[in-house]
Amino acid sequence: MSSAEQTTSPGLPARILAFVVGDSQADRAVPPTGFTARLTVFTSAAMAFLAVFALALSMATGRLASRWSAELARSSTLRISAPDDQIAGQTAAALEVLRTTPGIATARPLDGGEARALLEPWFGPDLPVESLPIPQLVEIVETGDGYDTTGLRARLQAEVPGAVLDDHTRWRQPLVEAAGRLRMLGIAAILLIAASTAAMITLAAQAALTANDQVIRVLRLVGAQDAYIARAFVRRFTLRALTGAAAGTLAGMAAIWLLPRADAAGGFLTGLGFQGIGWLLPVVIPPLAAITAFLATRWAAIRTLRAKS
Amino acid sequence: MIELQHVAYSYGGGELFSDLSLSLAPGSFHFLTGPSGSGKTTLLKLCYAELKATSGDVQIFGEDVRSMERDRVALARRRIGVVHQDCQFLDHLPLSENVALPLTVAGRGGELGQDLTDLLAWVGLTRQAGQLPPELSGGERQRAALARAVIMSPEVIIADEPTGNIDWEMSQRLLALLVELNRMGKAVLIATHDLQLIRAAKAQVQARVLRLKDRRLQAAGADL
């Protein structure tokens with residue numbers, strides 16, 4: 001070969017730039033095929049739409065786990081069960097113990113209205129709290145350093161025999177675990193979506209390569225190297241995936257944005273969505289879809305071209 | 001530049017030809033004749049590595065075809081201009097882009113310009129530049145195939161029945177171009193049934209006429 005015809009390898013940035021900018025003449029060498037084009041765009045859009053929801057779910061459960069963990073970790077409840085004539089005295093004694101315990105920011109006995117509000121979801125709104133033997137509850141809020149649970153329990157046992165301290169550990173752990181698993185499910189869903197996208201685009205690329213058998217033959221006859229032929233297909237499928245994913249991501253973000261607000265819906269759904277800078281996270285979906293399409297099409301093209309040699 | 005040594009090629013269980021040797025040196029001019037089905041097109045395809053010989057050695061620009069990677073074959077083909085019998089165009093591209101395709105795939109699309117215009121004018125296809133191949137007549141397609149074969153200024157030109165669909169005047173113009181390219185040192189190999197073309201060429205250049213018959217390649221008779 002003459003030295004003039006030896007190909008030189010440009011650097012990665014130059015190659016990426018050349019790929020994005022493209023070569024209009026090279027792009028035209030492969031005819032556009034309607035079916036695979038529509039399939040790629042639709043698949044990418046649908047998968048990106050689902051990925052936005054999976055991402056929102058993953059982020060929401062992450063936030064939920066953090067919130068539950070933080071809220072429950074910062075607060076405790078003291079339950080005082082005593083005969084009616086002793087309840088006030090024991091409550092006062094308990095508050096005194098709590099007031100003098102390092103690591104406790106506030107300790108506040110719940111009044112009848114608050115107790116009724118706690119029981120309302122289970123017994124309805126007109127519960128006669130006063131006539132029920134409900135223990136006196138004291139809400140404890142810790143300082144950042146927290147308090148010595150074992151020491152406090154010992155002091156309460158000595159000074160307030162009817163008091164039971166609940167530091168929420170047995171509630172917190174299962175909730176945090178459940179939220180963590182939901183988050184893992186969200187991540188697994190994203191990975192499955194990426195794999196499905198790659199599979200669909202690979203199939204579409206293979207169909208396009210097979211349909212263009214004669215085009216590939218002619219390109220080879222006039223001296224086209226495999227990289228040139230593959231690039232014509234890869235660039236096309238990558239841009240289609242990017243376009244479809246961008247549309248799907250926008251639609252998904254709009255759907256998330258239109259979900260009922262936290263105060264209107266309540267419960268778990270209040271957290272499903274993005275908050276603040278989190279709204280930027282779905283923006284990575286189209287580039288990731290494009291990278292997935294790039295790798296899938298390149299693999300399909302190289303494999304097909306090798307088989308055609 | 002292209003060397004075939006004791007080459008055999010089998011197809012469908014039968015041997016098409018065997019012990020065939022051919023050397024295309026710079027400045028050589030060969031005609032290949034023979035009855036239909038004798039293997040002329042197959043022999044040409046061996047010369048640009050579209051097919052691989054069943055046995056024997058084929059060397060293209062000093063490289064053994066059997067050990068050439070696909071990309072090396074592609075680079076070699078850029079140095080060989082081929083006029084295919086069935087033209088081999090991309091039907092979705094206009095004529096001008098088909099003619100320029102070898103430059104495009106070689107990353108030299110930026111060199112398109114006046115040369116392409118001149119080339120299309122030379123083969124009489126200026127008006128048809130924007131037409132798609134299916135819209136062209138057989139002769140127009142063949143002329144376009146010739147233009148595409150020479151656009152890279154190749155070192156070897158191989159043509160399979162290049163005058164099959166064109167009139168006498170155009171075939172003389174085609175021959176004049178090939179003779180001119182040959183005088184510039186290019187090797188030319190033409191498979192043809194056109195005896196008039198062969199005689200006209202022999203009047204202008206020292207052309208060797210080979211006949212592929214009975215599975216062997218031999219020098220043609222003195223009448224050619």
# chains A, B, ... in the order shown; residues from 1 in each chain; ligands from 1
>>> closest_atom_pairs(of="chain A", to="chain B", cutoff="9 Å", atoms="only C-alpha atoms", output="Markdown table")
| residue | atom | partner | partner_atom | distance |
| --- | --- | --- | --- | --- |
| A:Met1 | CA | B:Phe61 | CA | 7.3 |
| A:Glu5 | CA | B:Leu75 | CA | 7.3 |
| A:Gln6 | CA | B:Leu75 | CA | 8.4 |
| A:Gln25 | CA | B:Thr104 | CA | 6.7 |
| A:Ala26 | CA | B:Thr104 | CA | 6.6 |
| A:Arg28 | CA | B:Leu93 | CA | 7.6 |
| A:Ala29 | CA | B:Leu93 | CA | 7.4 |
| A:Val30 | CA | B:His92 | CA | 8.5 |
| A:Pro31 | CA | B:His92 | CA | 6.4 |
| A:Gln214 | CA | B:Leu90 | CA | 8.2 |
| A:Val215 | CA | B:Leu90 | CA | 6.3 |
| A:Arg217 | CA | B:Gln88 | CA | 8.7 |
| A:Val218 | CA | B:Gln88 | CA | 6.0 |
| A:Leu219 | CA | B:Val105 | CA | 7.5 |
| A:Arg220 | CA | B:Ala74 | CA | 6.5 |
| A:Leu221 | CA | B:Arg77 | CA | 6.9 |
| A:Val222 | CA | B:Pro102 | CA | 5.1 |
| A:Gly223 | CA | B:Ala74 | CA | 4.3 |
| A:Ala224 | CA | B:Val105 | CA | 5.1 |
| A:Gln225 | CA | B:Asp71 | CA | 5.2 |
| A:Asp226 | CA | B:Asp71 | CA | 6.7 |
| A:Ala227 | CA | B:Asp71 | CA | 8.7 |
| A:Tyr228 | CA | B:Val105 | CA | 7.0 |
| A:Ile229 | CA | B:Val105 | CA | 8.7 |
| A:Arg306 | CA | B:Arg70 | CA | 8.8 |
| A:Ser309 | CA | B:Arg70 | CA | 7.4 |
>>> closest_residue(among="B:Arg108, B:Arg66, B:Arg183, B:Arg127", to="B:Ala207", atoms="only C-alpha atoms")
B:Arg183
>>> atom_distance(atom1="atom CA of A:Ile256", atom2="atom CA of A:Leu185")
18.5 Å
>>> atom_distance(atom1="atom CA of A:Phe49", atom2="atom CA of A:Met253")
8.0 Å
>>> closest_residue(among="A:Ile201, A:Ile104, A:Ile87, A:Leu272", to="A:Arg74", atoms="only C-alpha atoms")
A:Ile104
>>> residues_around(residues="stretch 195-204 of chain B", least_positions_apart="6", cutoff="12 Å", atoms="only C-alpha atoms", output="compact mmCIF listing (two decimals) with N, CA and C atoms, in the first residue's frame")
# COMPACT_ATOMS: atom_id res chain seq x y z
N PHE B 29 -1.80 -4.25 -21.15
CA PHE B 29 -3.17 -4.13 -21.66
C PHE B 29 -3.62 -5.52 -22.10
N HIS B 30 -4.62 -6.06 -21.42
CA HIS B 30 -5.09 -7.41 -21.73
C HIS B 30 -6.57 -7.40 -22.10
N PHE B 31 -6.86 -8.23 -23.10
CA PHE B 31 -8.27 -8.52 -23.36
C PHE B 31 -8.50 -9.97 -22.95
N LEU B 32 -9.66 -10.24 -22.40
CA LEU B 32 -10.02 -11.60 -22.02
C LEU B 32 -11.28 -11.98 -22.79
N THR B 33 -11.17 -13.00 -23.59
CA THR B 33 -12.33 -13.45 -24.36
C THR B 33 -12.64 -14.89 -23.99
N GLY B 34 -13.70 -15.37 -24.57
CA GLY B 34 -14.09 -16.75 -24.30
C GLY B 34 -15.59 -16.88 -24.34
N GLU B 161 -17.26 -6.64 -19.86
CA GLU B 161 -18.16 -6.29 -20.97
C GLU B 161 -18.55 -4.81 -20.93
N PRO B 162 -17.58 -3.92 -20.97
CA PRO B 162 -17.90 -2.49 -20.79
C PRO B 162 -18.67 -1.89 -21.96
N THR B 163 -18.61 -2.55 -23.12
CA THR B 163 -19.29 -1.96 -24.28
C THR B 163 -20.59 -2.71 -24.61
N GLY B 164 -21.03 -3.51 -23.70
CA GLY B 164 -22.21 -4.34 -23.95
C GLY B 164 -23.47 -3.57 -24.27
N ILE B 166 -23.45 -0.03 -25.02
CA ILE B 166 -23.24 1.32 -25.55
C ILE B 166 -22.98 1.26 -27.06
N ASP B 167 -23.20 2.39 -27.70
CA ASP B 167 -23.06 2.40 -29.16
C ASP B 167 -21.57 2.47 -29.55
N TRP B 168 -21.34 2.34 -30.84
CA TRP B 168 -19.97 2.28 -31.34
C TRP B 168 -19.18 3.53 -31.01
N GLU B 169 -19.84 4.67 -31.18
CA GLU B 169 -19.13 5.92 -30.93
C GLU B 169 -18.68 6.00 -29.46
N MET B 170 -19.61 5.63 -28.56
CA MET B 170 -19.26 5.69 -27.14
C MET B 170 -18.20 4.65 -26.79
N SER B 171 -18.29 3.48 -27.44
CA SER B 171 -17.29 2.45 -27.13
C SER B 171 -15.90 2.91 -27.60
N GLN B 172 -15.85 3.68 -28.69
CA GLN B 172 -14.57 4.23 -29.14
C GLN B 172 -14.04 5.28 -28.17
N ARG B 173 -14.95 6.06 -27.63
CA ARG B 173 -14.54 7.07 -26.64
C ARG B 173 -14.03 6.37 -25.38
N LEU B 174 -14.74 5.30 -25.01
CA LEU B 174 -14.33 4.53 -23.83
C LEU B 174 -12.94 3.94 -24.05
N LEU B 175 -12.77 3.38 -25.25
CA LEU B 175 -11.47 2.77 -25.57
C LEU B 175 -10.37 3.83 -25.56
N ALA B 176 -10.68 4.99 -26.10
CA ALA B 176 -9.68 6.07 -26.12
C ALA B 176 -9.24 6.43 -24.70
N LEU B 177 -10.20 6.44 -23.78
CA LEU B 177 -9.86 6.76 -22.39
C LEU B 177 -8.97 5.67 -21.79
N LEU B 178 -9.37 4.42 -22.04
CA LEU B 178 -8.59 3.31 -21.48
C LEU B 178 -7.17 3.29 -22.06
N VAL B 179 -7.06 3.59 -23.35
CA VAL B 179 -5.74 3.64 -23.98
C VAL B 179 -4.91 4.76 -23.35
N GLU B 180 -5.56 5.89 -23.15
CA GLU B 180 -4.86 7.03 -22.54
C GLU B 180 -4.39 6.68 -21.14
N ASN B 182 -3.83 3.71 -20.02
CA ASN B 182 -2.79 2.69 -20.16
C ASN B 182 -1.44 3.32 -20.46
N ARG B 183 -1.47 4.36 -21.30
CA ARG B 183 -0.20 5.06 -21.64
C ARG B 183 0.37 5.78 -20.42
N VAL B 188 -4.56 -2.52 -17.72
CA VAL B 188 -5.97 -2.62 -18.13
C VAL B 188 -6.29 -4.07 -18.47
N LEU B 189 -7.41 -4.54 -17.95
CA LEU B 189 -7.89 -5.90 -18.26
C LEU B 189 -9.37 -5.78 -18.61
N LEU B 210 -6.24 -12.80 -24.51
CA LEU B 210 -6.25 -14.13 -23.89
C LEU B 210 -7.63 -14.74 -24.08
N ALA B 220 -4.95 -15.91 -27.66
CA ALA B 220 -5.94 -16.00 -28.72
C ALA B 220 -5.24 -16.18 -30.06
N ALA B 222 -4.22 -15.75 -34.12
CA ALA B 222 -3.57 -14.63 -34.81
C ALA B 222 -4.56 -13.65 -35.40
N ASP B 223 -5.81 -14.09 -35.58
CA ASP B 223 -6.81 -13.19 -36.16
C ASP B 223 -7.15 -12.05 -35.21
N LEU B 224 -6.78 -12.21 -33.95
CA LEU B 224 -7.04 -11.13 -32.99
C LEU B 224 -5.74 -10.46 -32.60
>>> residues_around(residues="stretch 172-177 of chain A", least_positions_apart="2", cutoff="12 Å", atoms="only C-alpha atoms", output="ChimeraX atom specification")
/A:61-76,166-170,179-184
>>> write_last_selection(atoms="C-alpha atoms", output="PDB file, in the first residue's frame")
ATOM      1  CA  THR A  61     -37.899   5.452  47.861  1.00  0.00           C
ATOM      2  CA  GLY A  62     -34.401   6.682  48.570  1.00  0.00           C
ATOM      3  CA  ARG A  63     -35.806   9.898  49.952  1.00  0.00           C
ATOM      4  CA  LEU A  64     -38.477   8.005  51.863  1.00  0.00           C
ATOM      5  CA  ALA A  65     -35.889   5.739  53.451  1.00  0.00           C
ATOM      6  CA  SER A  66     -33.784   8.730  54.451  1.00  0.00           C
ATOM      7  CA  ARG A  67     -36.756  10.646  55.781  1.00  0.00           C
ATOM      8  CA  TRP A  68     -38.191   7.764  57.767  1.00  0.00           C
ATOM      9  CA  SER A  69     -34.810   6.899  59.096  1.00  0.00           C
ATOM     10  CA  ALA A  70     -33.982  10.465  60.063  1.00  0.00           C
ATOM     11  CA  GLU A  71     -37.384  11.320  61.549  1.00  0.00           C
ATOM     12  CA  LEU A  72     -37.659   8.120  63.535  1.00  0.00           C
ATOM     13  CA  ALA A  73     -34.072   8.288  64.620  1.00  0.00           C
ATOM     14  CA  ARG A  74     -34.475  11.810  66.001  1.00  0.00           C
ATOM     15  CA  SER A  75     -37.592  11.109  68.009  1.00  0.00           C
ATOM     16  CA  SER A  76     -38.691   8.683  70.724  1.00  0.00           C
ATOM     17  CA  ASP A 166     -39.770   3.391  72.742  1.00  0.00           C
ATOM     18  CA  ASP A 167     -36.824   4.651  70.713  1.00  0.00           C
ATOM     19  CA  HIS A 168     -38.499   3.441  67.416  1.00  0.00           C
ATOM     20  CA  THR A 169     -35.665   1.070  66.565  1.00  0.00           C
ATOM     21  CA  ARG A 170     -37.982  -1.866  65.899  1.00  0.00           C
ATOM     22  CA  ALA A 179     -37.612   1.445  51.257  1.00  0.00           C
ATOM     23  CA  GLY A 180     -34.126   0.196  50.407  1.00  0.00           C
ATOM     24  CA  ARG A 181     -35.562  -2.809  48.576  1.00  0.00           C
ATOM     25  CA  LEU A 182     -37.990  -0.631  46.677  1.00  0.00           C
ATOM     26  CA  ARG A 183     -35.029   1.464  45.630  1.00  0.00           C
ATOM     27  CA  MET A 184     -33.205  -1.647  44.429  1.00  0.00           C
TER      28      MET A 184
END
>>> residues_around(residues="B:Leu44", least_positions_apart="6", cutoff="8 Å", atoms="only C-alpha atoms", output="list in words")
Ile158, Asp160 and Ala191 of chain B
>>> write_last_selection(atoms="C-alpha atoms", output="CSV table (one decimal), in the first residue's frame")
chain,number,residue,atom,x,y,z
B,158,ILE,CA,-10.8,-4.0,-14.9
B,160,ASP,CA,-16.4,-6.7,-17.6
B,191,ALA,CA,-13.4,-9.1,-20.6
>>> residues_around(residues="B:Gly27", least_positions_apart="2", cutoff="6 Å", atoms="only C-alpha atoms", output="ChimeraX atom specification")
/B:182,185-187
>>> residues_around(residues="B:Arg215", least_positions_apart="4", cutoff="10 Å", atoms="only C-alpha atoms", output="PyMOL selection string")
chain B and resi 8-9+15-20+38-39
>>> atom_distance(atom1="atom CA of A:Leu305", atom2="atom CA of B:Gly14")
28.6 Å
